[in-house]
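Below: the structure, in structure tokens.
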Amino acid sequence: MVNDFLEANLEGRLGVVVGGSLTKGVEVKLDGDASVEDVAVGRYVTIQGERRRFFGMITDVTLGAIDPRITLNPPDISDPLIAQVLSGTSIYGTLHILPTLTIGLEGLQPVKTVPTHFSVVTEASNRDMEIVFGKEDERHFYVGNPLDMEAKVCLNLEEFVKRSNGVFGKSGTGKTFLTRLLLIGMVQKRSAVSLIFDMHSEYGWEGGSEGGYKVKGLKQLFPSKVAVFALDEESAKRRQVSTDFVVQIGYDDIEPADVEMLAQTLNLTEAATQAPYKLARHFGPKKWLEAFLSMESREGIGELADNLGEHEATLGALQRRLERLKRLRFLVPHAPTDPVGRLLEYLDRGVNVVLEFGRYGDDITAYVLVANLLSRRLHRKYVERTEQALGEGKPQPHPLVIVIEEAHKFLNPAVANQTIFGAIAREMRKYNVTLLVIDQRPSGIDEEVMSQIGTKITCLLENEKDIGAVLAGVSGSSELRSVLAKLESKQQALIFGHAVPMPVVVRTREYGSAESYKELTSREAVEPSSRAQVEGLKKGADPDSDDLWGE
């Protein structure tokens with residue numbers, strides 16, 4: 001494969017290198033017979049140097065002239081002969097190229113030098129793209145095609161799940177479709193099991209598109225590998241979704257740390273966020289919330305404040321704001337079934353779980369409370385299991401990817417150090433738990449957390465702060481900024497980071513047609529036995545029976 005790359009011919013020649021630097025990229029003068037209108041930002045090229053071949057991306061296209069006077073008094077180019085004489089001599093096009101990889105006998109390497117003067121530049125071929133980005137196999141998943149090319153760009157999902165990752169883009173750019181593709185890839189390759197906090201019920205059974213047509217969700221495509229949990233059973237019934245488990249959370253399961261996470265959404269003061277810890281010591285860790293909310297008299301609140309050494313106004317304000325929790329019908333005094341235990345039963349068997357929020361999808365208080373509460377307890381279990389596996393020399397838990405939308409609500413600078421999601425992002429894969437964050441406002445995410453995002457998949461962003469946040473700390477960020485700004489509003493994304501060898505702009509693969517469903521599920525035939533095992537889990541069967549991972 002390396003030899004094929006080194007011996008590539010010079011078809012599709014564009015021009016020659018005439019200047020540049022390692023940090024800013026190289027300048028290429030277009031040949032006279034190469035039209036500047038046929039090259040575009042985001043296209044890939046190869047540069048044949050004396051000793052190695054370079055692979056890079058076009059980041060800018062400019063026009064130049066040898067004599068500035070020609071631009072002040074433009075010649076009449078209606079005569080084809082005059083146009084041909086001038087093109088490539090007096091007037092010419094220039095490409096700015098950011099070389100990212102070199103290839104020699106040692107294989108792909110990060111670029112550490114520049115090609116010599118007058119090195120020949122050619123369009124990258126489909127074969128070149130396959131050599132650099134790999135081809136679809138048990139580890140690589142096809143996510144899209146380079147601009148104006150039929151080659152496939154693949155993500156290394158084995159590397160992808162080792163770190164937390166992000167999908168960014170303004171509203172309507174296709175973040176949901178991209179996320180579905182990534183989740184399908186993880187199901188196909190079994191690289192990780194995922195827990196998706198599905199705010200708007202778009203990933204489980206069925207979703208919608210801006211065009212108004214319905215698209216299949218993960219459960220329809222992989223019935224044996226995906227379970228749908230519902231927070232709102234009535235909503236699921238109206239949509240005719242067969243749920244695997246209805247989640248209820250007990251007041252006795254809510255800890256003071258869970259309320260602390262709601263400080264912004266409930267507009268709590270610093271004193272009010274610390275008061276639940278005193279309440280838990282006073283009433284008991286399992287009874288504090290229900291007991292506190294049941295207090296009706298002002299005199300009782302005042303007496304409690306005296307006992308706790310708190311201001312009466314602080315407790316009164318805290319109680320009024322926590323009253324909002326009473327409107328959440330999934331909260332009950334005591335949950336009949338432990339939702340975390342149920343989640344673990346499915347996740348341990350390789351069954352991905354989509355938790356649909358139904359009517360609560362637009363209630364950010366409900367979303368933050370549930371996602372944080374369940375994730376914190378799951379993470380605690382994974383820490384225990386990982387430490388036990390290390391101590392006993394046993395296999396570690398299968399990687400878990402937690403998917404959260406509106407990520408800036410959990411990871412903004414004010415709360416990132418307090419939430420479990422901030423801790424997971426900083427841990428990378430220490431306990432085999434990572435995040436997939438989806439957001440249209442990446443500038444709202446804490447800088448330290450953003451620096452830990454391994455692979456970023458970025459659709460069109462228009463806000464300068466958001467663009468700066470995504471590209472912060474990235475080599476060649478100024479060049480990539482121009483590429484990101486030129487993306488189309490739909491079905492295009494810039495991918496860079498841990499799971500790809502270099503930044504790449506893709507046109508995302510098709511999703512929503514019968515043919516696309518067939519391609520996406522062709523490797524996952526649904527076995528009757530697997531259906532039976534999932535049904536057994538729904539009915540509370542022994543979780544230590546036949547392992548679904550062995551299918």
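If you're wondering about the labels, chains in the structure tokens are A, B, ... by order shown, residues count from 1 in each chain, ligands from 1 in order shown.
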Residue neighbourhood Tyr251 in chain A, 8 Å, only C-alpha atoms, exclusion window fewer than 2 positions, as a PyMOL selection string: chain A and resi 249+253-254+286-287+289-290+331-334
With C-alpha atoms retained, export the selected residues as a CSV table (one decimal), in the first residue's frame.
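Saved the output as again18.csv:
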chain,number,residue,atom,x,y,z
A,249,ILE,CA,-36.7,7.8,40.1
A,253,ASP,CA,-32.5,8.4,45.3
A,254,ILE,CA,-31.8,12.2,45.0
A,286,LYS,CA,-32.9,8.9,52.0
A,287,LYS,CA,-35.6,11.0,53.6
A,289,LEU,CA,-36.0,15.7,50.1
A,290,GLU,CA,-39.5,14.3,50.7
A,331,LEU,CA,-40.4,11.3,40.4
A,332,VAL,CA,-42.0,9.1,43.1
A,333,PRO,CA,-41.4,8.6,46.8
A,334,HIS,CA,-39.6,5.3,46.2
Range 473-475 of chain A surroundings by only C-alpha atoms, 8 Å radius, close-in-sequence under 2 positions cut, as a ChimeraX atom specification: /A:451,471,477
Selected residues written out, C-alpha atoms, as a compact mmCIF listing (two decimals), in the first residue's frame:
# COMPACT_ATOMS: atom_id res chain seq x y z
CA SER A 451 -9.09 20.45 25.34
CA LEU A 471 -10.32 25.09 16.98
CA SER A 477 -6.21 26.39 13.35
Select from range 167-380 of chain A everything DSSP, run on the backbone, classes as helix (DSSP H, G or I), then give the selection as a PyMOL selection string. chain A and resi 175-189+218-221+233-238+251-253+256-260+270-283+288-294+298-308+312-327+339-348+358-362+364-380
Write out, as a CSV table (one decimal), in the first residue's frame, the residues just selected, with C-alpha atoms.
chain,number,residue,atom,x,y,z
A,175,LYS,CA,-25.9,17.1,14.0
A,176,THR,CA,-28.6,14.5,14.8
A,177,PHE,CA,-28.0,12.6,11.6
A,178,LEU,CA,-24.2,12.6,12.2
A,179,THR,CA,-24.7,11.3,15.7
A,180,ARG,CA,-27.0,8.5,14.5
A,181,LEU,CA,-24.3,7.4,12.1
A,182,LEU,CA,-21.7,7.4,14.8
A,183,LEU,CA,-23.9,5.4,17.1
A,184,ILE,CA,-24.7,2.9,14.3
A,185,GLY,CA,-21.0,2.5,13.7
A,186,MET,CA,-20.4,1.7,17.4
A,187,VAL,CA,-23.3,-0.9,17.2
A,188,GLN,CA,-21.9,-2.4,14.0
A,189,LYS,CA,-18.3,-2.7,15.2
A,218,LEU,CA,-31.6,2.7,16.3
A,219,LYS,CA,-34.2,0.3,17.7
A,220,GLN,CA,-35.8,-0.3,14.3
A,221,LEU,CA,-32.4,-0.9,12.7
A,233,GLU,CA,-44.7,6.3,29.2
A,234,GLU,CA,-47.7,8.2,27.9
A,235,SER,CA,-45.7,9.9,25.2
A,236,ALA,CA,-44.2,6.6,24.1
A,237,LYS,CA,-47.7,5.1,23.8
A,238,ARG,CA,-49.0,8.0,21.8
A,251,TYR,CA,-37.1,11.1,46.0
A,252,ASP,CA,-35.0,8.8,48.2
A,253,ASP,CA,-32.5,8.4,45.3
A,256,PRO,CA,-27.6,16.8,47.6
A,257,ALA,CA,-25.0,16.7,44.8
A,258,ASP,CA,-27.9,16.2,42.3
A,259,VAL,CA,-29.6,19.4,43.6
A,260,GLU,CA,-26.2,21.2,43.4
A,270,GLU,CA,-24.5,29.5,46.7
A,271,ALA,CA,-26.1,29.2,50.2
A,272,ALA,CA,-29.1,27.4,48.8
A,273,THR,CA,-26.9,24.8,46.9
A,274,GLN,CA,-25.1,23.9,50.1
A,275,ALA,CA,-28.2,23.7,52.3
A,276,PRO,CA,-29.3,20.2,51.0
A,277,TYR,CA,-26.2,18.7,52.6
A,278,LYS,CA,-27.3,20.0,56.0
A,279,LEU,CA,-30.9,18.8,55.3
A,280,ALA,CA,-29.6,15.3,54.5
A,281,ARG,CA,-27.7,15.2,57.8
A,282,HIS,CA,-30.8,16.4,59.6
A,283,PHE,CA,-33.5,14.1,58.1
A,288,TRP,CA,-34.4,14.6,53.4
A,289,LEU,CA,-36.0,15.7,50.1
A,290,GLU,CA,-39.5,14.3,50.7
A,291,ALA,CA,-39.5,15.6,54.3
A,292,PHE,CA,-38.3,19.0,53.3
A,293,LEU,CA,-40.9,19.4,50.5
A,294,SER,CA,-43.7,18.2,52.7
A,298,ARG,CA,-43.6,29.0,57.7
A,299,GLU,CA,-43.1,28.4,61.4
A,300,GLY,CA,-41.8,24.9,60.6
A,301,ILE,CA,-39.3,26.3,58.1
A,302,GLY,CA,-38.1,28.9,60.6
A,303,GLU,CA,-37.6,26.3,63.3
A,304,LEU,CA,-35.7,24.1,60.9
A,305,ALA,CA,-33.5,27.1,59.9
A,306,ASP,CA,-32.7,27.6,63.6
A,307,ASN,CA,-31.7,24.0,64.0
A,308,LEU,CA,-29.5,24.0,60.9
A,312,GLU,CA,-35.0,31.2,57.0
A,313,ALA,CA,-35.1,33.0,53.7
A,314,THR,CA,-32.5,30.7,52.2
A,315,LEU,CA,-34.5,27.6,53.1
A,316,GLY,CA,-37.8,29.2,52.0
A,317,ALA,CA,-36.3,30.1,48.6
A,318,LEU,CA,-34.8,26.6,48.2
A,319,GLN,CA,-38.2,24.9,49.0
A,320,ARG,CA,-40.1,27.1,46.5
A,321,ARG,CA,-37.6,26.3,43.7
A,322,LEU,CA,-37.6,22.6,44.5
A,323,GLU,CA,-41.4,22.6,44.3
A,324,ARG,CA,-40.8,22.4,40.5
A,325,LEU,CA,-39.7,18.8,41.0
A,326,LYS,CA,-43.3,17.8,42.1
A,327,ARG,CA,-44.4,18.5,38.5
A,339,PRO,CA,-33.1,2.3,37.2
A,340,VAL,CA,-29.3,2.1,37.5
A,341,GLY,CA,-29.5,-1.7,38.1
A,342,ARG,CA,-31.7,-2.1,35.1
A,343,LEU,CA,-29.4,0.0,32.9
A,344,LEU,CA,-26.5,-2.1,33.9
A,345,GLU,CA,-28.3,-5.3,33.0
A,346,TYR,CA,-28.7,-4.1,29.4
A,347,LEU,CA,-25.3,-2.5,29.1
A,348,ASP,CA,-23.5,-5.5,30.5
A,358,GLY,CA,-41.0,12.5,25.9
A,359,ARG,CA,-42.8,15.6,27.2
A,360,TYR,CA,-39.9,16.4,29.5
A,361,GLY,CA,-37.5,16.9,26.6
A,362,ASP,CA,-38.1,20.7,26.7
A,364,ILE,CA,-34.0,21.4,31.0
A,365,THR,CA,-34.4,20.8,34.8
A,366,ALA,CA,-35.6,17.3,34.1
A,367,TYR,CA,-32.9,16.6,31.6
A,368,VAL,CA,-30.0,17.9,33.8
A,369,LEU,CA,-31.4,16.1,36.8
A,370,VAL,CA,-31.9,12.7,35.2
A,371,ALA,CA,-28.7,12.7,33.0
A,372,ASN,CA,-26.5,13.7,35.9
A,373,LEU,CA,-28.1,11.4,38.5
A,374,LEU,CA,-28.0,8.3,36.3
A,375,SER,CA,-24.5,9.0,34.9
A,376,ARG,CA,-23.0,9.6,38.3
A,377,ARG,CA,-24.2,6.3,39.6
A,378,LEU,CA,-23.2,4.4,36.5
A,379,HIS,CA,-19.8,6.0,36.6
A,380,ARG,CA,-19.5,4.9,40.3
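The two atoms in question, CA of Gly250 in chain A and CA of Ile404 in chain A, are spaced 22.2 Å apart.
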Could you list, with a cut-off of 10 Å and counting only C-alpha atoms, the residues of range 475-516 of chain A near range 114-134 of chain A, each shown with its nearest atom pair and the distance in Å rounded to one decimal, rows sorted by chain and ascending number, as CSV?
residue,atom,partner,partner_atom,distance
A:Ala499,CA,A:Phe133,CA,9.7
A:Val500,CA,A:Phe133,CA,6.8
A:Pro501,CA,A:Phe133,CA,6.8
A:Met502,CA,A:Phe133,CA,8.5
A:Val504,CA,A:Phe133,CA,9.3
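Remark: for Gly144 in chain A, the closest of the candidate residues A:Lys518, A:Arg509, A:Arg190, A:Lys170 is A:Arg509 (distances computed over only C-alpha atoms).
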Using only C-alpha atoms, find the one residue out of A:Ser513, A:Ser478, A:Gln388, A:Thr508 that sits nearest to Thr458 in chain A. A:Thr508
What's around Val228 in chain A at 9 Å? Count only C-alpha atoms, leave out sequence neighbours fewer than 4 positions away in its own chain, and write the answer as number ranges by chain. A: 204-205, 219, 241-246, 352-356
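Using only C-alpha atoms for every distance, the candidate list A:Ile91, A:Ala485, A:Ala493, A:Val193 yields A:Ala485 as the residue closest to Asp60 in chain A.
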Take CA of Asp38 in chain A and CA of Arg13 in chain A and report the distance between them in Å, one decimal. 12.1 Å
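Using only C-alpha atoms, the nearest neighbour of Val161 in chain A within the list A:Leu435, A:Val506, A:Val226, A:Ile467 is A:Leu435.
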Taking only C-alpha atoms into account, name the residue in A:Leu95, A:Ala227, A:Leu460, A:Ala472 that is nearest to Leu487 in chain A. A:Leu460
Can you pull out every residue within 12 Å of Tyr431 in chain A, counting only C-alpha atoms, but drop anything in the same chain fewer than 6 positions away, and send it as an MDAnalysis selection string? chainID A and resid 162:163 378:390 396:401 423:425
Once you have the residues from the selection above, write them out as a compact mmCIF listing (two decimals), in the first residue's frame, restricted to C-alpha atoms.
# COMPACT_ATOMS: atom_id res chain seq x y z
CA LYS A 162 -10.97 5.78 23.87
CA ARG A 163 -11.64 9.48 24.46
CA LEU A 378 -23.22 4.41 36.51
CA HIS A 379 -19.77 5.96 36.63
CA ARG A 380 -19.46 4.91 40.28
CA LYS A 381 -20.21 1.31 39.27
CA TYR A 382 -17.67 1.42 36.44
CA VAL A 383 -15.01 2.76 38.81
CA GLU A 384 -15.66 -0.10 41.21
CA ARG A 385 -15.60 -2.70 38.43
CA THR A 386 -12.44 -1.32 36.84
CA GLU A 387 -10.58 -1.23 40.13
CA GLN A 388 -11.75 -4.75 40.95
CA ALA A 389 -10.67 -6.00 37.52
CA LEU A 390 -7.23 -4.45 37.98
CA GLN A 396 -12.12 -4.60 32.39
CA PRO A 397 -15.71 -3.49 31.64
CA HIS A 398 -16.61 -2.99 27.99
CA PRO A 399 -16.28 0.71 27.03
CA LEU A 400 -19.36 2.84 27.71
CA VAL A 401 -20.15 6.01 25.74
CA ALA A 423 -14.89 14.41 35.58
CA ILE A 424 -15.46 11.85 32.80
CA ALA A 425 -14.05 14.20 30.15
